[in-house]
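**Q** So here's protein.csv (CSV, C-alpha atoms).
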chain,number,residue,atom,x,y,z
D,96,MET,CA,175.5,2.4,27.9
D,97,ARG,CA,173.5,5.3,29.4
D,98,PHE,CA,172.2,6.3,26.0
D,99,GLY,CA,171.2,2.7,25.3
D,100,ARG,CA,169.3,2.4,28.6
D,101,LYS,CA,167.5,5.7,27.9
D,102,LEU,CA,166.6,4.6,24.4
D,103,LEU,CA,165.2,1.3,25.8
D,104,GLY,CA,163.2,3.2,28.4
D,105,LEU,CA,161.7,5.5,25.7
D,106,VAL,CA,160.7,2.5,23.6
D,107,LEU,CA,159.1,0.8,26.5
D,108,LEU,CA,157.4,4.0,27.6
D,109,GLY,CA,156.0,4.4,24.0
D,110,ILE,CA,154.7,0.8,24.0
D,111,PHE,CA,152.9,1.1,27.3
D,112,SER,CA,151.7,4.6,26.7
D,113,PHE,CA,150.3,4.3,23.2
D,114,GLY,CA,149.3,0.6,23.2
D,115,PRO,CA,146.2,1.1,25.4
D,116,ILE,CA,145.1,4.1,23.4
D,117,ARG,CA,144.9,2.1,20.2
D,118,ALA,CA,143.2,-0.8,22.0
D,119,GLN,CA,139.4,-0.4,22.2
D,120,ALA,CA,137.9,-2.6,24.8
D,121,GLU,CA,134.4,-4.0,24.2
D,122,PRO,CA,131.7,-2.6,26.6
D,123,PRO,CA,130.9,-5.1,29.3
D,124,LYS,CA,127.8,-7.2,28.8
D,125,VAL,CA,124.8,-6.9,31.2
D,126,LYS,CA,124.3,-10.0,33.3
D,127,LEU,CA,120.8,-11.5,32.9
D,128,ALA,CA,119.5,-14.7,34.3
D,129,VAL,CA,116.6,-16.7,32.8
D,130,LEU,CA,114.5,-18.7,35.2
D,131,ASP,CA,112.5,-21.7,34.1
D,132,LEU,CA,109.1,-20.8,32.8
D,133,ARG,CA,106.4,-22.3,35.0
D,134,PRO,CA,104.0,-24.5,33.1
D,135,GLN,CA,100.3,-24.0,33.6
D,136,GLY,CA,98.2,-26.4,31.5
D,137,VAL,CA,101.2,-27.3,29.2
D,138,LYS,CA,103.7,-30.1,29.6
D,139,GLU,CA,106.8,-29.5,31.6
D,140,ASP,CA,109.1,-30.4,28.7
D,141,VAL,CA,107.3,-27.8,26.6
D,142,ALA,CA,108.0,-25.2,29.3
D,143,LYS,CA,111.7,-26.1,29.4
D,144,LEU,CA,111.9,-25.9,25.6
D,145,LEU,CA,110.4,-22.4,25.7
D,146,THR,CA,112.8,-21.4,28.4
D,147,SER,CA,115.7,-22.3,26.2
D,148,ILE,CA,114.1,-20.3,23.4
D,149,VAL,CA,113.9,-17.2,25.7
D,150,ALA,CA,117.6,-17.6,26.7
D,151,LYS,CA,118.7,-18.1,23.1
D,152,GLN,CA,116.8,-15.1,21.9
D,153,LEU,CA,118.2,-12.8,24.6
D,154,GLN,CA,121.7,-14.1,24.0
D,155,SER,CA,121.4,-13.3,20.3
D,156,TYR,CA,121.3,-9.6,20.9
D,157,GLY,CA,124.9,-9.5,21.9
D,158,LEU,CA,124.1,-7.1,24.8
D,159,PHE,CA,123.5,-9.7,27.6
D,160,GLN,CA,125.5,-12.3,29.4
D,161,VAL,CA,122.7,-14.8,29.8
D,162,LEU,CA,122.7,-17.3,32.6
D,163,SER,CA,120.5,-20.4,32.3
D,164,ARG,CA,119.2,-22.6,35.0
D,165,GLN,CA,122.2,-24.8,34.7
D,166,ASP,CA,124.5,-21.8,35.2
D,167,ILE,CA,122.5,-20.7,38.2
D,168,VAL,CA,122.5,-24.2,39.8
D,169,TYR,CA,126.3,-24.3,39.4
D,170,MET,CA,126.6,-20.9,41.1
D,171,LEU,CA,124.4,-21.8,44.1
D,172,SER,CA,126.5,-23.9,46.4
D,173,HIS,CA,124.2,-24.4,49.4
D,174,GLU,CA,121.0,-26.4,49.5
D,175,GLN,CA,119.3,-23.5,51.2
D,176,ASP,CA,120.1,-21.3,48.2
D,177,MET,CA,118.7,-23.9,45.8
D,178,LYS,CA,115.2,-23.2,47.2
D,179,LEU,CA,115.5,-19.7,45.6
D,180,LEU,CA,115.0,-21.3,42.2
D,181,GLY,CA,111.3,-21.8,43.0
D,182,CYS,CA,110.6,-18.3,44.2
D,183,ASP,CA,107.9,-16.1,42.8
D,184,SER,CA,108.2,-12.8,44.7
D,185,SER,CA,110.2,-9.7,44.0
D,186,ASP,CA,112.1,-10.0,47.3
D,187,CYS,CA,113.0,-13.6,46.6
D,188,TYR,CA,114.1,-12.7,43.1
D,189,ALA,CA,116.3,-9.9,44.5
D,190,GLU,CA,118.0,-12.3,46.9
D,191,LEU,CA,118.6,-14.8,44.1
D,192,GLY,CA,120.0,-12.2,41.8
D,193,GLY,CA,122.3,-10.9,44.5
D,194,LYS,CA,123.7,-14.4,45.2
D,195,ILE,CA,124.5,-15.0,41.5
D,196,GLY,CA,125.7,-11.4,40.8
D,197,THR,CA,123.3,-10.6,38.0
D,198,SER,CA,121.6,-7.3,37.2
D,199,TYR,CA,118.3,-8.7,35.9
D,200,LEU,CA,116.2,-11.8,36.2
D,201,VAL,CA,113.7,-12.9,33.5
D,202,ALA,CA,110.9,-15.1,34.9
D,203,GLY,CA,107.4,-16.0,33.9
D,204,ASN,CA,105.0,-18.7,32.9
D,205,VAL,CA,103.3,-20.3,29.9
D,206,GLY,CA,99.9,-21.7,30.0
D,207,LEU,CA,97.0,-23.1,28.0
D,208,VAL,CA,93.5,-21.9,28.8
D,209,GLY,CA,91.0,-23.8,26.6
D,210,LYS,CA,92.5,-23.3,23.1
D,211,LYS,CA,94.3,-20.2,23.9
D,212,PHE,CA,98.0,-20.0,24.9
D,213,VAL,CA,99.0,-17.4,27.5
D,214,ILE,CA,102.6,-16.2,27.8
D,215,ASN,CA,103.7,-14.0,30.7
D,216,LEU,CA,107.3,-12.7,31.1
D,217,GLN,CA,108.7,-10.2,33.5
D,218,ARG,CA,112.0,-8.5,34.0
D,219,ILE,CA,113.2,-7.9,37.5
D,220,ASN,CA,115.8,-5.2,38.3
D,221,ILE,CA,117.8,-6.7,41.1
D,222,ALA,CA,119.2,-3.4,42.4
D,223,ASP,CA,115.8,-1.8,42.7
D,224,THR,CA,114.0,-5.0,43.8
D,225,LYS,CA,111.1,-4.3,41.4
D,226,VAL,CA,109.6,-5.6,38.2
D,227,GLU,CA,110.6,-3.2,35.4
D,228,LYS,CA,108.8,-4.7,32.5
D,229,ARG,CA,105.9,-7.1,32.1
D,230,VAL,CA,104.8,-8.7,28.8
D,231,ASP,CA,101.5,-10.6,28.4
D,232,ARG,CA,100.6,-12.3,25.1
D,233,GLN,CA,97.6,-14.5,24.3
D,234,PHE,CA,96.9,-16.3,21.0
D,235,SER,CA,95.3,-19.3,19.5
D,236,GLY,CA,97.4,-21.5,17.3
D,237,SER,CA,99.9,-24.3,16.9
D,238,LEU,CA,103.0,-25.1,19.0
D,239,GLU,CA,105.1,-23.9,16.1
D,240,GLN,CA,103.4,-20.5,16.3
D,241,LEU,CA,104.0,-20.6,20.1
D,242,LEU,CA,107.7,-20.6,19.5
D,243,GLU,CA,107.5,-17.4,17.5
D,244,GLU,CA,105.2,-15.8,20.1
D,245,VAL,CA,107.8,-16.6,22.8
D,246,ARG,CA,110.6,-15.0,20.7
D,247,THR,CA,108.4,-11.9,20.3
D,248,ALA,CA,107.7,-11.8,24.1
D,249,SER,CA,111.4,-12.2,24.8
D,250,HIS,CA,112.2,-9.2,22.6
D,251,GLN,CA,109.5,-7.1,24.2
D,252,VAL,CA,110.7,-7.8,27.7
D,253,VAL,CA,114.1,-6.2,27.0
D,254,ALA,CA,113.1,-3.8,24.2
D,255,ASP,CA,113.8,-0.7,26.3
D,256,LEU,CA,117.3,-2.0,27.2
D,257,LEU,CA,118.0,-2.6,23.5
D,258,GLU,CA,116.9,1.0,22.7
D,259,ALA,CA,119.3,2.4,25.2
D,260,SER,CA,122.2,0.4,23.7
D,261,SER,CA,121.6,1.0,20.1
D,262,GLY,CA,124.0,0.5,17.1
D,263,GLN,CA,124.0,1.6,13.5
D,264,LEU,CA,123.2,-0.1,10.3
D,265,LEU,CA,124.5,1.1,6.9
D,266,VAL,CA,122.8,-0.5,3.9
D,267,THR,CA,124.5,0.0,0.5
D,268,THR,CA,122.9,-1.2,-2.7
D,269,THR,CA,124.0,-1.5,-6.3
D,270,GLU,CA,120.7,0.2,-7.4
D,271,GLU,CA,119.4,3.6,-6.6
D,272,GLY,CA,115.8,4.0,-5.8
D,273,ALA,CA,115.4,0.7,-4.0
D,274,ASP,CA,113.0,0.5,-1.1
D,275,VAL,CA,114.6,-0.5,2.2
D,276,ALA,CA,112.5,-2.0,5.0
D,277,ILE,CA,113.6,-2.7,8.5
D,278,ASP,CA,111.5,-5.2,10.5
D,279,GLY,CA,108.7,-4.8,8.0
D,280,GLU,CA,108.6,-1.0,8.0
D,281,THR,CA,110.0,1.0,5.0
D,282,VAL,CA,112.6,3.4,6.2
D,283,GLY,CA,113.5,5.0,2.8
D,284,THR,CA,115.0,4.5,-0.6
D,285,SER,CA,118.6,3.9,-1.5
D,286,PRO,CA,121.1,5.5,-1.2
D,287,LEU,CA,120.5,5.7,2.6
D,288,GLY,CA,122.7,7.1,5.4
D,289,ARG,CA,123.4,5.3,8.7
D,290,LEU,CA,120.4,4.1,10.6
D,291,SER,CA,120.3,4.0,14.4
D,292,LEU,CA,118.7,0.8,15.6
D,293,PRO,CA,118.3,-1.1,18.8
D,294,ALA,CA,120.9,-3.8,19.4
D,295,GLY,CA,119.9,-7.2,18.2
D,296,PRO,CA,118.7,-9.0,15.0
D,297,HIS,CA,116.7,-7.0,12.5
D,298,ASP,CA,114.9,-8.2,9.3
D,299,VAL,CA,116.3,-6.2,6.4
D,300,LYS,CA,114.5,-6.3,3.0
D,301,VAL,CA,115.4,-4.4,-0.1
D,302,LYS,CA,113.2,-4.4,-3.2
D,303,LYS,CA,112.8,-2.6,-6.5
D,304,GLU,CA,110.6,-3.2,-9.4
D,305,GLY,CA,112.2,-5.5,-12.0
D,306,PHE,CA,114.7,-6.9,-9.4
D,307,ILE,CA,114.6,-10.0,-7.2
D,308,ALA,CA,113.8,-8.9,-3.6
D,309,TRP,CA,116.7,-9.2,-1.2
D,310,ALA,CA,116.1,-10.2,2.4
D,311,ARG,CA,118.3,-11.1,5.4
D,312,THR,CA,118.4,-11.0,9.2
D,313,VAL,CA,121.2,-8.7,10.3
D,314,LYS,CA,122.6,-8.5,13.8
D,315,VAL,CA,123.3,-5.0,15.1
D,316,MET,CA,125.8,-4.9,17.9
D,317,PRO,CA,125.6,-2.2,20.7
D,318,HIS,CA,127.6,0.9,19.8
D,319,GLU,CA,128.9,-0.6,16.5
D,320,THR,CA,128.1,-0.1,12.9
D,321,GLU,CA,127.0,-3.0,10.8
D,322,VAL,CA,127.6,-2.6,7.0
D,323,VAL,CA,125.4,-4.6,4.6
D,324,ASP,CA,126.3,-4.6,0.9
D,325,VAL,CA,123.3,-5.5,-1.2
D,326,THR,CA,123.7,-6.7,-4.8
D,327,MET,CA,120.3,-6.4,-6.6
D,328,VAL,CA,119.7,-9.2,-9.1
D,329,PRO,CA,117.5,-8.2,-12.1
D,330,SER,CA,114.9,-10.4,-13.5
D,331,ALA,CA,115.2,-11.9,-16.9
D,332,ASP,CA,112.4,-9.7,-18.3
D,333,PHE,CA,114.0,-6.6,-16.8
D,334,ILE,CA,117.4,-7.5,-18.4
D,335,GLN,CA,115.8,-8.0,-21.8
D,336,SER,CA,113.9,-4.7,-21.6
D,337,TYR,CA,116.9,-2.8,-20.3
D,338,GLU,CA,119.3,-4.2,-23.0
D,339,ASP,CA,116.8,-3.4,-25.8
D,340,LYS,CA,116.5,0.2,-24.6
D,341,ALA,CA,120.2,0.6,-23.9
D,342,ASP,CA,121.1,-0.9,-27.3
D,343,SER,CA,118.7,1.3,-29.1
D,344,MET,CA,120.0,4.4,-27.4
D,345,ARG,CA,123.6,3.5,-27.9
D,346,THR,CA,122.9,2.7,-31.6
D,347,TRP,CA,121.4,6.2,-32.1
D,348,ALA,CA,124.4,7.7,-30.2
D,349,TRP,CA,126.7,6.1,-32.8
D,350,ILE,CA,124.4,7.1,-35.7
D,351,THR,CA,124.4,10.8,-34.6
D,352,ALA,CA,128.1,10.6,-33.9
D,353,ALA,CA,128.7,9.4,-37.5
D,354,THR,CA,126.3,12.1,-38.8
D,355,PHE,CA,128.3,14.7,-36.9
D,356,VAL,CA,131.5,13.5,-38.5
D,357,ALA,CA,129.9,13.4,-42.0
D,358,LEU,CA,128.4,16.9,-41.7
D,359,GLU,CA,131.6,18.5,-40.3
D,360,GLY,CA,133.7,16.7,-42.9
D,361,ALA,CA,131.4,17.9,-45.7
D,362,ALA,CA,131.5,21.4,-44.4
D,363,LEU,CA,135.3,21.3,-44.2
D,364,GLY,CA,135.4,19.8,-47.8
D,365,LEU,CA,133.2,22.5,-49.2
D,366,ARG,CA,135.2,25.2,-47.5
D,367,VAL,CA,138.5,23.8,-48.8
D,368,PHE,CA,137.0,23.5,-52.3
D,369,THR,CA,135.8,27.1,-52.2
D,370,TRP,CA,139.1,28.3,-50.8
D,371,GLN,CA,141.0,26.8,-53.7
D,372,LYS,CA,138.7,27.6,-56.6
D,373,TYR,CA,136.6,30.7,-55.8
D,374,ASP,CA,138.3,32.6,-52.9
D,375,PRO,CA,141.0,34.1,-55.2
D,376,ILE,CA,138.3,35.6,-57.5
D,377,VAL,CA,136.3,37.0,-54.6
D,378,ASP,CA,139.5,38.3,-52.9
D,379,ASP,CA,140.5,40.2,-56.0
D,380,TYR,CA,137.0,41.6,-56.4
D,381,ASN,CA,137.0,42.8,-52.8
D,382,ASP,CA,140.6,44.1,-53.0
D,383,GLY,CA,140.0,46.1,-56.2
D,384,ILE,CA,142.3,44.0,-58.4
D,385,TYR,CA,140.5,43.8,-61.7
D,386,GLY,CA,143.4,43.0,-64.1
D,387,VAL,CA,142.4,43.2,-67.8
D,388,TYR,CA,138.8,44.0,-66.9
D,389,GLU,CA,139.9,47.4,-65.7
D,390,SER,CA,136.6,48.3,-63.7
D,391,GLN,CA,134.6,46.6,-61.0
D,392,ASP,CA,131.5,46.3,-63.1
D,393,ASN,CA,133.4,44.6,-65.9
D,394,TYR,CA,135.1,42.2,-63.4
D,395,TYR,CA,131.8,41.4,-61.7
D,396,GLY,CA,130.1,40.9,-65.0
D,397,HIS,CA,132.7,38.3,-66.0
D,398,TYR,CA,132.9,36.5,-62.6
D,399,LYS,CA,129.3,37.0,-61.5
D,400,ASP,CA,128.4,33.3,-61.5
D,401,ASP,CA,131.6,32.3,-59.7
D,402,ILE,CA,131.0,34.9,-57.0
D,403,LYS,CA,127.4,33.8,-56.4
D,404,THR,CA,128.5,30.1,-56.3
D,405,ALA,CA,131.2,31.0,-53.8
D,406,ASN,CA,128.7,32.7,-51.5
D,407,ALA,CA,126.2,29.8,-51.8
D,408,LEU,CA,128.9,27.3,-51.0
D,409,ASP,CA,130.0,29.3,-48.0
D,410,TYR,CA,126.5,29.4,-46.6
D,411,ALA,CA,126.1,25.7,-47.3
D,412,ALA,CA,129.3,25.0,-45.4
D,413,LEU,CA,128.2,27.2,-42.5
D,414,GLY,CA,124.8,25.5,-42.4
D,415,MET,CA,126.3,22.0,-42.4
D,416,GLY,CA,128.8,23.0,-39.7
D,417,LEU,CA,126.1,24.3,-37.4
D,418,ALA,CA,123.9,21.3,-38.1
D,419,GLY,CA,126.9,19.1,-37.3
D,420,VAL,CA,127.4,20.9,-34.0
D,421,ALA,CA,123.7,20.3,-33.1
D,422,VAL,CA,123.9,16.6,-34.0
D,423,GLY,CA,127.1,16.3,-32.1
D,424,ALA,CA,125.5,17.7,-29.0
D,425,VAL,CA,122.7,15.2,-29.3
D,426,SER,CA,125.2,12.4,-29.7
D,427,MET,CA,127.1,13.5,-26.6
D,428,TYR,CA,123.9,13.6,-24.7
D,429,LEU,CA,123.0,10.1,-25.8
D,430,PHE,CA,126.4,8.7,-24.8
D,431,ILE,CA,126.3,10.5,-21.4
D,432,GLU,CA,122.7,9.8,-20.4
D,433,GLY,CA,122.4,6.4,-22.1
D,434,GLU,CA,123.0,3.3,-19.9
D,435,SER,CA,125.7,0.8,-20.8
D,436,PRO,CA,124.2,-2.2,-22.6
D,437,SER,CA,126.6,-4.5,-20.7
D,438,ARG,CA,125.7,-3.3,-17.2
D,439,TYR,CA,123.6,-6.4,-16.3
D,440,ARG,CA,125.3,-8.9,-18.7
D,441,ARG,CA,126.9,-10.9,-15.8
D,442,PHE,CA,123.4,-11.8,-14.6
D,443,SER,CA,122.0,-12.9,-18.0
D,444,GLY,CA,124.7,-15.4,-19.0
D,445,VAL,CA,124.4,-14.4,-22.6
D,446,LYS,CA,126.1,-11.7,-24.8
D,447,SER,CA,124.2,-8.7,-26.0
D,448,LYS,CA,122.9,-8.8,-29.6
D,449,SER,CA,124.8,-5.6,-30.5
D,450,SER,CA,128.1,-6.7,-28.9
D,451,PRO,CA,129.3,-10.2,-29.9
D,452,LEU,CA,132.6,-9.6,-28.2
D,453,PRO,CA,133.3,-9.2,-24.5
D,454,ASP,CA,134.4,-5.8,-23.1
D,455,GLY,CA,138.0,-5.0,-23.9
D,456,ALA,CA,140.1,-7.2,-26.2
D,457,ALA,CA,139.3,-10.7,-27.4
D,458,PHE,CA,141.4,-13.1,-29.4
D,459,ALA,CA,139.6,-14.7,-32.3
D,460,PRO,CA,141.3,-17.6,-34.2
D,461,LEU,CA,141.4,-17.2,-38.0
D,462,PRO,CA,142.7,-19.4,-40.7
D,463,GLY,CA,146.4,-19.1,-41.0
D,464,GLY,CA,147.0,-17.7,-37.5
D,465,GLY,CA,145.6,-15.7,-34.7
D,466,SER,CA,144.0,-12.3,-34.9
D,467,VAL,CA,143.1,-9.8,-32.2
D,468,ALA,CA,139.7,-8.3,-32.2
D,469,MET,CA,139.3,-5.1,-30.2
D,470,ARG,CA,136.1,-3.6,-28.7
D,471,TRP,CA,135.5,-0.7,-26.4
D,472,GLU,CA,132.2,0.1,-24.7
D,473,PHE,CA,131.4,3.7,-23.9
Rewrite the structure of this file - the entire thing - as structure tokens.
**A**
Amino acid sequence: MRFGRKLLGLVLLGIFSFGPIRAQAEPPKVKLAVLDLRPQGVKEDVAKLLTSIVAKQLQSYGLFQVLSRQDIVYMLSHEQDMKLLGCDSSDCYAELGGKIGTSYLVAGNVGLVGKKFVINLQRINIADTKVEKRVDRQFSGSLEQLLEEVRTASHQVVADLLEASSGQLLVTTTEEGADVAIDGETVGTSPLGRLSLPAGPHDVKVKKEGFIAWARTVKVMPHETEVVDVTMVPSADFIQSYEDKADSMRTWAWITAATFVALEGAALGLRVFTWQKYDPIVDDYNDGIYGVYESQDNYYGHYKDDIKTANALDYAALGMGLAGVAVGAVSMYLFIEGESPSRYRRFSGVKSKSSPLPDGAAFAPLPGGGSVAMRWEF
């Protein structure tokens, strides 16, 4: 019984000791309250819509716990506290932030002066009772453009906080040499390493000549790595040009390979022929075995043509062998450096001219039964 209790204790100790080590708690989010934007020359419902845009934009970064007006109203229990919602001074903001337990307040106004919209946002640090960041933007345009301007202002008012809580982005592509742009700025060509970026959404664009541009908005979380796998889709013209070039190179690779086999086979055949017919004569001459001819001169005079033919055939075999080695090297280079004709076939929807069968084995029905057709792509 004692042993069982000790064993149970060790098991429980292991669970409670090692469990927390494996668990990785998420970092706490920064509390941030968004007050209603004050309208100045625009309708109140427009100001409320823009306030919701600000809150949604800040919430999208994953760094903040954003409190809206409704959240603040719910948290303020006394009527006296409700008057704080209309404040416009740093001291008043600090008192409001203290009551709702938030670190920052975002307040501001939106106005229309003539034909120009004016957007003002400020971020107040509750602990320091001061305005840490101000953003002022002015532009002439439509209400649709106003939404984008408010999103931009929302990003700018917390940009320094996002920088301090950056994450990482890893972009992998199926193609090397593709240009990778983040938020409209080219950061390099693939393959790229990890990129350190401020937390929040970022526009990622990957492009390469001959391929359809890839674009997506990617959300980078604080202190985390976001991995994006990009499959580059080639255009129809690129596929045609690529397959023509790859087919041509692969065809020459096979031609040179066949030439290599032919040359080496011919060299071997010549050498075997010489070995059988002429080598005994040359060997006897070199070894001083003259037989009935008694002297070297008599032997050479009788077999002179055979000896010359043997030497010529040996040189011919050597030349073809060396030529075969050179052609074989060219063939190997073409196979190694040449691209596979089937690389982009899945994007074209058609089979290559030079390869009517798919990669691997394919079954082709024939009269009288089935037959297996085999094909390998190197």
**Q** Could you check which of D:Gln135, D:Ser426, D:Asn204, D:Ser155 is closest to D:Trp349, using all atoms listed in the file?
**A** D:Ser426
**Q** Between D:Asp166, D:Lys300, D:Lys210, D:Lys126, which is the closest to D:Gly236 once you count all atoms listed in the file?
**A**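 The closest residue to D:Gly236 is D:Lys210.
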**Q** D:Glu338, D:Asp298, D:Glu270, D:Glu359: which is nearest D:Met415, counting all atoms listed in the file?
**A**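 The shortest atom-to-atom distance to D:Met415 comes from D:Glu359.
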**Q** Tell me which protein, DNA and RNA residues are within 12 Å of D:Val129, counting only C-alpha atoms, leaving out same-chain ones fewer than 4 positions away, and put them as a PDB file with C-alpha atoms, in the coordinates of the input.
**A**
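Saved result, out.pdb, follows:
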ATOM      1  CA  ARG D 133     106.400 -22.300  35.000  1.00  0.00           C
ATOM      2  CA  LYS D 143     111.700 -26.100  29.400  1.00  0.00           C
ATOM      3  CA  LEU D 145     110.400 -22.400  25.700  1.00  0.00           C
ATOM      4  CA  THR D 146     112.800 -21.400  28.400  1.00  0.00           C
ATOM      5  CA  SER D 147     115.700 -22.300  26.200  1.00  0.00           C
ATOM      6  CA  ILE D 148     114.100 -20.300  23.400  1.00  0.00           C
ATOM      7  CA  VAL D 149     113.900 -17.200  25.700  1.00  0.00           C
ATOM      8  CA  ALA D 150     117.600 -17.600  26.700  1.00  0.00           C
ATOM      9  CA  LYS D 151     118.700 -18.100  23.100  1.00  0.00           C
ATOM     10  CA  GLN D 152     116.800 -15.100  21.900  1.00  0.00           C
ATOM     11  CA  LEU D 153     118.200 -12.800  24.600  1.00  0.00           C
ATOM     12  CA  GLN D 154     121.700 -14.100  24.000  1.00  0.00           C
ATOM     13  CA  PHE D 159     123.500  -9.700  27.600  1.00  0.00           C
ATOM     14  CA  GLN D 160     125.500 -12.300  29.400  1.00  0.00           C
ATOM     15  CA  VAL D 161     122.700 -14.800  29.800  1.00  0.00           C
ATOM     16  CA  LEU D 162     122.700 -17.300  32.600  1.00  0.00           C
ATOM     17  CA  SER D 163     120.500 -20.400  32.300  1.00  0.00           C
ATOM     18  CA  ARG D 164     119.200 -22.600  35.000  1.00  0.00           C
ATOM     19  CA  GLN D 165     122.200 -24.800  34.700  1.00  0.00           C
ATOM     20  CA  ASP D 166     124.500 -21.800  35.200  1.00  0.00           C
ATOM     21  CA  ILE D 167     122.500 -20.700  38.200  1.00  0.00           C
ATOM     22  CA  VAL D 168     122.500 -24.200  39.800  1.00  0.00           C
ATOM     23  CA  LEU D 180     115.000 -21.300  42.200  1.00  0.00           C
ATOM     24  CA  TYR D 188     114.100 -12.700  43.100  1.00  0.00           C
ATOM     25  CA  LEU D 191     118.600 -14.800  44.100  1.00  0.00           C
ATOM     26  CA  GLY D 192     120.000 -12.200  41.800  1.00  0.00           C
ATOM     27  CA  ILE D 195     124.500 -15.000  41.500  1.00  0.00           C
ATOM     28  CA  THR D 197     123.300 -10.600  38.000  1.00  0.00           C
ATOM     29  CA  SER D 198     121.600  -7.300  37.200  1.00  0.00           C
ATOM     30  CA  TYR D 199     118.300  -8.700  35.900  1.00  0.00           C
ATOM     31  CA  LEU D 200     116.200 -11.800  36.200  1.00  0.00           C
ATOM     32  CA  VAL D 201     113.700 -12.900  33.500  1.00  0.00           C
ATOM     33  CA  ALA D 202     110.900 -15.100  34.900  1.00  0.00           C
ATOM     34  CA  GLY D 203     107.400 -16.000  33.900  1.00  0.00           C
ATOM     35  CA  ASN D 204     105.000 -18.700  32.900  1.00  0.00           C
ATOM     36  CA  LEU D 216     107.300 -12.700  31.100  1.00  0.00           C
ATOM     37  CA  GLN D 217     108.700 -10.200  33.500  1.00  0.00           C
ATOM     38  CA  ARG D 218     112.000  -8.500  34.000  1.00  0.00           C
ATOM     39  CA  ILE D 219     113.200  -7.900  37.500  1.00  0.00           C
ATOM     40  CA  SER D 249     111.400 -12.200  24.800  1.00  0.00           C
ATOM     41  CA  VAL D 252     110.700  -7.800  27.700  1.00  0.00           C
TER      42      VAL D 252
END
**Q** Tell me which protein, DNA and RNA residues are within 10 Å of stretch 275-284 of chain D, counting only C-alpha atoms, leaving out same-chain ones fewer than 6 positions away, and put them as a list of chain:residue names.
**A**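 Within the cut-off, the hits are D:Val266, D:Thr268, D:Leu290, D:Leu292, D:Pro296, D:His297, D:Asp298, D:Val299, D:Lys300, D:Val301, D:Lys302, D:Lys303, D:Trp309, D:Ala310, D:Thr312, D:Val313.
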**Q** List the neighbours of stretch 136-138 of chain D out to 8 Å using only C-alpha atoms; skip same-chain residues closer than 3 positions along the sequence, and give me the result as a PDB file with C-alpha atoms, keeping the file's coordinate frame.
**A**
ATOM      1  CA  VAL D 141     107.300 -27.800  26.600  1.00  0.00           C
ATOM      2  CA  ALA D 142     108.000 -25.200  29.300  1.00  0.00           C
ATOM      3  CA  VAL D 205     103.300 -20.300  29.900  1.00  0.00           C
ATOM      4  CA  GLY D 206      99.900 -21.700  30.000  1.00  0.00           C
ATOM      5  CA  LEU D 207      97.000 -23.100  28.000  1.00  0.00           C
ATOM      6  CA  VAL D 208      93.500 -21.900  28.800  1.00  0.00           C
TER       7      VAL D 208
END
**Q** Extending 6 Å beyond the listed atoms of stretch 281-284 of chain D on each side, what axis-aligned box results? I want centre and edge lengths in Å to one decimal, as AutoDock Vina command-line options.
**A**
--center_x 112.5 --center_y 3.0 --center_z 2.8 --size_x 17.0 --size_y 16.0 --size_z 18.8
**Q** Which residue is closest to D:Thr247? Choose from D:Val230, D:Gly419, D:Ser260, D:Gln371 and count all atoms listed in the file.
**A**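 For D:Thr247, the nearest of the candidates is D:Val230.
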**Q** Interatomic distance between atom CA of D:Gly383 and atom CA of D:Trp370?
**A**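 Calculated distance between atom CA of D:Gly383 and atom CA of D:Trp370 is 18.6 Å.
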**Q** Hey, can you check how far atom CA of D:Arg345 sits from atom CA of D:Met427?
**A** 10.7 Å
**Q** Mind giving me the straight-line distance from atom CA of D:Gln335 to atom CA of D:Tyr439 in Å, one decimal?
**A**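 Atom-to-atom, atom CA of D:Gln335 to atom CA of D:Tyr439, that is 9.7 Å.
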